[in-house]
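Colleague: Structure file work13.tsv, TSV, C-alpha atoms, is pasted below:
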chain	number	residue	atom	x	y	z
A	23	MET	CA	136.65	96.51	108.23
A	24	LYS	CA	135.18	97.51	111.57
A	25	TYR	CA	132.85	100.46	111.97
A	26	CYS	CA	133.35	102.05	115.30
A	27	PHE	CA	131.26	104.96	116.48
A	28	PHE	CA	132.18	104.94	120.13
A	29	LEU	CA	135.08	103.34	121.92
A	30	ILE	CA	134.53	102.71	125.55
A	31	ASN	CA	137.59	101.74	127.50
A	32	LYS	CA	137.33	100.32	130.93
A	33	ILE	CA	140.29	101.73	132.75
A	34	THR	CA	141.49	100.62	136.10
A	35	PHE	CA	144.03	103.08	137.35
A	36	GLU	CA	145.38	101.08	140.31
A	37	PRO	CA	147.80	98.88	138.27
A	38	LEU	CA	149.13	101.97	136.49
A	39	ILE	CA	149.86	103.73	139.73
A	40	GLU	CA	151.42	100.54	141.20
A	41	ASN	CA	153.77	100.32	138.20
A	42	GLY	CA	155.00	103.86	138.75
A	43	MET	CA	152.90	105.51	136.06
A	44	ASN	CA	151.85	108.48	138.13
A	45	ASN	CA	151.88	110.66	135.06
A	46	PHE	CA	149.84	109.18	132.30
A	47	THR	CA	152.28	109.75	129.45
A	48	GLN	CA	152.97	106.03	128.98
A	49	TYR	CA	149.30	105.28	129.15
A	50	ASP	CA	148.47	107.96	126.56
A	51	GLU	CA	151.20	106.62	124.25
A	52	ALA	CA	149.93	103.05	124.61
A	53	ILE	CA	146.33	104.09	123.88
A	54	ALA	CA	147.44	106.15	120.86
A	55	LYS	CA	149.45	103.20	119.52
A	56	TYR	CA	146.50	100.84	120.03
A	57	HIS	CA	143.99	103.16	118.30
A	58	SER	CA	146.31	103.81	115.37
A	59	SER	CA	146.57	100.06	114.77
A	60	LEU	CA	142.79	99.68	114.44
A	61	ASN	CA	141.13	99.71	111.02
A	62	ILE	CA	138.25	102.06	111.82
A	63	LYS	CA	135.94	103.73	109.33
A	64	LYS	CA	135.38	107.27	110.57
A	65	VAL	CA	131.92	108.72	110.13
A	66	PRO	CA	131.28	112.44	110.53
A	67	VAL	CA	128.70	113.23	113.18
A	68	ALA	CA	126.65	115.29	110.69
A	69	SER	CA	125.91	112.15	108.64
A	70	TRP	CA	123.94	110.62	111.49
A	71	ASN	CA	121.17	113.14	111.03
A	72	PHE	CA	119.52	111.24	108.16
A	73	HIS	CA	118.60	108.43	110.52
A	74	ASP	CA	116.96	110.81	112.97
A	75	ASP	CA	114.95	112.44	110.15
A	76	PHE	CA	113.71	109.03	109.03
A	77	LEU	CA	112.67	108.07	112.58
A	78	VAL	CA	110.81	111.35	113.01
A	79	LEU	CA	109.02	110.76	109.69
A	80	ILE	CA	107.96	107.24	110.71
A	81	LYS	CA	106.86	108.43	114.16
A	82	ASN	CA	104.78	111.24	112.63
A	83	ILE	CA	103.09	108.84	110.21
A	84	PHE	CA	102.01	106.63	113.10
A	85	VAL	CA	100.88	109.60	115.21
A	86	ASP	CA	98.80	110.84	112.26
A	87	LEU	CA	97.46	107.35	111.58
A	88	ASN	CA	96.38	106.97	115.21
A	89	LYS	CA	94.61	110.35	115.14
A	90	LEU	CA	92.74	109.42	111.96
A	91	ASP	CA	91.83	106.03	113.41
A	92	SER	CA	90.48	107.80	116.49
A	93	PHE	CA	88.28	110.07	114.34
A	94	ALA	CA	87.10	107.03	112.36
A	95	SER	CA	86.15	105.00	115.42
A	96	GLN	CA	84.54	107.88	117.32
A	97	SER	CA	82.46	108.92	114.32
A	98	LYS	CA	81.85	105.33	113.15
A	99	TRP	CA	83.02	105.95	109.60
A	100	ILE	CA	81.88	103.57	106.91
A	101	HIS	CA	84.83	101.46	105.81
A	102	ASN	CA	86.79	102.93	102.91
A	103	ASN	CA	89.58	101.56	100.78
A	104	TRP	CA	92.11	104.32	101.46
A	105	ASP	CA	95.57	103.06	102.28
A	106	MET	CA	96.24	105.68	104.95
A	107	LYS	CA	99.84	104.60	105.63
A	108	THR	CA	100.78	105.17	102.00
A	109	ARG	CA	98.70	108.33	101.78
A	110	LEU	CA	100.38	109.80	104.86
A	111	ARG	CA	103.80	109.04	103.37
A	112	GLU	CA	103.06	110.54	99.97
A	113	GLU	CA	100.35	113.16	100.49
A	114	VAL	CA	99.12	115.73	102.96
A	115	VAL	CA	95.89	114.67	104.63
A	116	ILE	CA	93.43	117.29	105.83
A	117	LEU	CA	90.21	116.41	107.64
A	118	THR	CA	87.38	118.86	108.19
A	119	ASP	CA	84.11	118.63	110.03
A	120	THR	CA	80.82	119.09	108.17
A	121	LYS	CA	81.12	122.88	108.54
A	122	LEU	CA	84.53	122.72	106.79
A	123	ASN	CA	86.56	123.59	109.87
A	124	ILE	CA	89.89	121.77	109.85
A	125	VAL	CA	90.04	119.20	112.66
A	126	PHE	CA	93.18	117.36	111.53
A	127	ALA	CA	96.19	118.06	109.31
A	128	SER	CA	99.06	115.62	108.80
A	129	HIS	CA	102.60	116.44	109.91
A	130	ASN	CA	103.93	116.43	106.35
A	131	MET	CA	101.90	119.54	105.53
A	132	ARG	CA	104.82	121.61	106.81
A	133	LYS	CA	107.05	120.26	104.06
A	134	MET	CA	104.51	121.16	101.36
A	135	ASN	CA	103.38	124.61	102.46
A	136	GLY	CA	105.08	125.58	105.72
A	137	TYR	CA	101.98	125.28	107.91
A	138	VAL	CA	101.78	123.00	110.94
A	139	GLU	CA	98.57	121.55	112.32
A	140	GLU	CA	98.32	124.15	115.10
A	141	ASP	CA	98.31	126.93	112.46
A	142	VAL	CA	95.22	125.58	110.69
A	143	LEU	CA	93.07	123.80	113.29
A	144	GLY	CA	89.60	125.31	113.47
A	145	LYS	CA	90.12	127.26	110.23
A	146	ASN	CA	88.58	126.80	106.80
A	147	PRO	CA	90.77	125.36	104.00
A	148	LYS	CA	90.37	128.75	102.28
A	149	ILE	CA	93.35	129.73	104.44
A	150	PHE	CA	95.51	128.29	101.64
A	151	GLN	CA	93.87	130.38	98.91
A	152	GLY	CA	94.54	133.90	97.66
A	153	LYS	CA	94.49	136.21	94.64
A	154	ALA	CA	96.01	133.65	92.27
A	155	THR	CA	93.44	130.99	93.18
A	156	ASP	CA	90.98	130.39	90.32
A	157	LEU	CA	87.47	131.24	91.57
A	158	GLY	CA	85.93	128.91	88.99
A	159	ILE	CA	87.79	125.93	90.41
A	160	SER	CA	86.93	127.04	93.97
A	161	ASN	CA	83.25	127.13	92.98
A	162	GLU	CA	83.49	123.63	91.45
A	163	ILE	CA	84.96	122.33	94.71
A	164	ARG	CA	82.28	124.10	96.73
A	165	THR	CA	79.56	122.56	94.52
A	166	ALA	CA	81.00	119.04	94.92
A	167	ILE	CA	81.13	119.52	98.69
A	168	SER	CA	77.53	120.77	98.87
A	169	LEU	CA	76.42	117.75	96.78
A	170	GLN	CA	78.53	115.48	99.04
A	171	GLN	CA	80.45	114.16	96.05
A	172	PRO	CA	84.14	113.36	95.64
A	173	PHE	CA	86.25	115.73	93.57
A	174	GLU	CA	89.74	116.04	92.13
A	175	LYS	CA	91.04	119.49	91.26
A	176	THR	CA	94.33	121.29	90.89
A	177	VAL	CA	94.31	124.70	92.55
A	178	MET	CA	96.76	127.51	93.05
A	179	ASN	CA	97.42	127.66	96.79
A	180	TYR	CA	99.62	129.78	99.00
A	181	LYS	CA	102.36	128.66	101.36
A	182	LYS	CA	102.66	130.16	104.81
A	183	ASN	CA	105.45	132.44	103.54
A	184	GLY	CA	103.20	133.74	100.71
A	185	ASP	CA	104.76	131.75	97.86
A	186	VAL	CA	102.33	130.23	95.36
A	187	TYR	CA	102.23	126.52	94.49
A	188	LEU	CA	99.97	124.21	92.48
A	189	CYS	CA	98.16	121.73	94.67
A	190	LEU	CA	96.37	118.59	93.50
A	191	ILE	CA	93.44	117.96	95.83
A	192	LYS	CA	91.41	114.76	95.96
A	193	GLY	CA	88.46	115.36	98.28
A	194	PHE	CA	85.90	112.90	99.61
A	195	PRO	CA	82.88	113.09	101.89
A	196	ILE	CA	82.99	110.61	104.76
A	197	PHE	CA	79.80	109.05	106.01
A	198	ASN	CA	79.13	107.28	109.31
A	199	SER	CA	77.48	103.91	109.78
A	200	LYS	CA	74.04	105.57	109.71
A	201	GLY	CA	74.77	107.07	106.30
A	202	GLN	CA	75.09	110.61	107.68
A	203	LEU	CA	77.84	112.98	106.61
A	204	SER	CA	80.58	112.92	109.24
A	205	HIS	CA	83.65	114.67	107.76
A	206	TYR	CA	85.39	115.67	104.56
A	207	ILE	CA	88.86	114.38	103.84
A	208	ALA	CA	91.33	115.77	101.33
A	209	PHE	CA	94.50	114.16	100.05
A	210	GLU	CA	96.81	116.84	98.72
A	211	LYS	CA	100.19	117.07	97.06
A	212	ALA	CA	102.13	119.66	95.17
A	213	ALA	CA	101.32	119.31	91.47
For the structure just supplied, provide its representation as structure tokens.
Modeller:
Amino acid sequence: MKYCFFLINKITFEPLIENGMNNFTQYDEAIAKYHSSLNIKKVPVASWNFHDDFLVLIKNIFVDLNKLDSFASQSKWIHNNWDMKTRLREEVVILTDTKLNIVFASHNMRKMNGYVEEDVLGKNPKIFQGKATDLGISNEIRTAISLQQPFEKTVMNYKKNGDVYLCLIKGFPIFNSKGQLSHYIAFEKAA
């Protein structure tokens, strides 16, 4: 069975006109007969969209990976064992400076909470918190950050539209080659 998405016919009109086919009725009938004899699997145009979504996802992962690599090389991060390709596929990655201002947010954040990077750049991660966020857990995270220690907590966060969701956050301090604090990184996913 042939799969045919586009049929391109090279048509030379001179022989048709020479044979007295000034109106194209015979031509149309011949083309219709030819096409009806083909065994073609028809595919609705709407089904092609999945491929585009996948390509956009892959492109965004590599854009995010390049941005993180740029931060790592500029700040001379100490090597870590994070598999960033897998992390970017499965989790939202947020990077802050030492003052906890967001300097990077992965593209897939939009899927989790509706925000895009431009919405959160320069802001504190508290932008995701609200009334339902447990202050005790927030204080535990703040303590781990001040002690420059990794943490793993589940917090109640808010989407851009105001809906509440549970978010598992794994946060880590990042140090440069001189042993100085460079950034904080958080790997997040809906719990």
Colleague: So which one's closest to Asp185 in chain A, A:Asn135, A:Thr108, A:Asn198, A:Ser168? Using only C-alpha atoms, please.
Modeller: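 Under the stated criterion, the closest residue is A:Asn135.
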Colleague: Given the choices A:Asn161, A:Lys200, A:Lys153, A:Asn88, which gets closest to Met178 in chain A if the distance is worked out from all atoms listed in the file?
Modeller: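 Between A:Asn161, A:Lys200, A:Lys153, A:Asn88, the residue approaching Met178 in chain A most closely is A:Lys153.
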Colleague: Report, in Å with one decimal, the straight-line distance from CA of Lys175 in chain A to CA of Ile163 in chain A.
Modeller: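 So the answer is 7.5 Å.
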Colleague: Give me the range 85-188 of chain A side of the contact with range 202-209 of chain A, cut-off 12 Å, one line per residue showing its nearest atom pair and distance in Å at one decimal, counting only C-alpha atoms, sorted by chain and residue number, as a tab-separated table.
Modeller:
residue	atom	partner	partner_atom	distance
A:Leu90	CA	A:Ile207	CA	10.3
A:Phe93	CA	A:His205	CA	9.3
A:Ala94	CA	A:Ser204	CA	9.3
A:Ser95	CA	A:Ser204	CA	11.5
A:Gln96	CA	A:Ser204	CA	10.3
A:Ser97	CA	A:Ser204	CA	6.7
A:Lys98	CA	A:Ser204	CA	8.6
A:Trp99	CA	A:Ser204	CA	7.4
A:Ile100	CA	A:Ser204	CA	9.7
A:Asn102	CA	A:Ile207	CA	11.7
A:Trp104	CA	A:Phe209	CA	10.2
A:Asp105	CA	A:Phe209	CA	11.4
A:Met106	CA	A:Phe209	CA	9.9
A:Thr108	CA	A:Phe209	CA	11.1
A:Arg109	CA	A:Phe209	CA	7.4
A:Leu110	CA	A:Phe209	CA	8.8
A:Arg111	CA	A:Phe209	CA	11.1
A:Glu112	CA	A:Phe209	CA	9.3
A:Glu113	CA	A:Phe209	CA	6.0
A:Val114	CA	A:Phe209	CA	5.7
A:Val115	CA	A:Phe209	CA	4.8
A:Ile116	CA	A:Ala208	CA	5.2
A:Leu117	CA	A:Ile207	CA	4.5
A:Thr118	CA	A:Tyr206	CA	5.2
A:Asp119	CA	A:His205	CA	4.6
A:Thr120	CA	A:His205	CA	5.3
A:Lys121	CA	A:His205	CA	8.6
A:Leu122	CA	A:Tyr206	CA	7.4
A:Asn123	CA	A:Tyr206	CA	9.6
A:Ile124	CA	A:Tyr206	CA	9.2
A:Val125	CA	A:His205	CA	9.2
A:Phe126	CA	A:Ile207	CA	9.3
A:Ala127	CA	A:Ala208	CA	9.6
A:Ser128	CA	A:Phe209	CA	10.0
A:Asn130	CA	A:Phe209	CA	11.6
A:Met131	CA	A:Phe209	CA	10.7
A:Asn146	CA	A:Tyr206	CA	11.8
A:Pro147	CA	A:Ala208	CA	10.0
A:Ile163	CA	A:Ala208	CA	11.3
A:Arg164	CA	A:Tyr206	CA	11.9
A:Ala166	CA	A:Tyr206	CA	11.1
A:Ile167	CA	A:Tyr206	CA	8.2
A:Ser168	CA	A:Tyr206	CA	11.0
A:Leu169	CA	A:Leu203	CA	11.0
A:Gln170	CA	A:Leu203	CA	8.0
A:Gln171	CA	A:Tyr206	CA	10.0
A:Pro172	CA	A:Tyr206	CA	9.3
A:Phe173	CA	A:Ala208	CA	9.3
A:Glu174	CA	A:Ala208	CA	9.3
A:Lys175	CA	A:Ala208	CA	10.7
A:Thr176	CA	A:Phe209	CA	11.6
Colleague: May I ask for the distance between CA of Asp141 in chain A and CA of Asn179 in chain A, given in Å to one decimal place?
Modeller: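 CA of Asp141 in chain A sits 15.7 Å away from CA of Asn179 in chain A.
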Colleague: Just how far from CA of Lys182 in chain A is CA of Tyr137 in chain A, in Å to one decimal?
Modeller: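 Between CA of Tyr137 in chain A and CA of Lys182 in chain A the gap is 5.8 Å.
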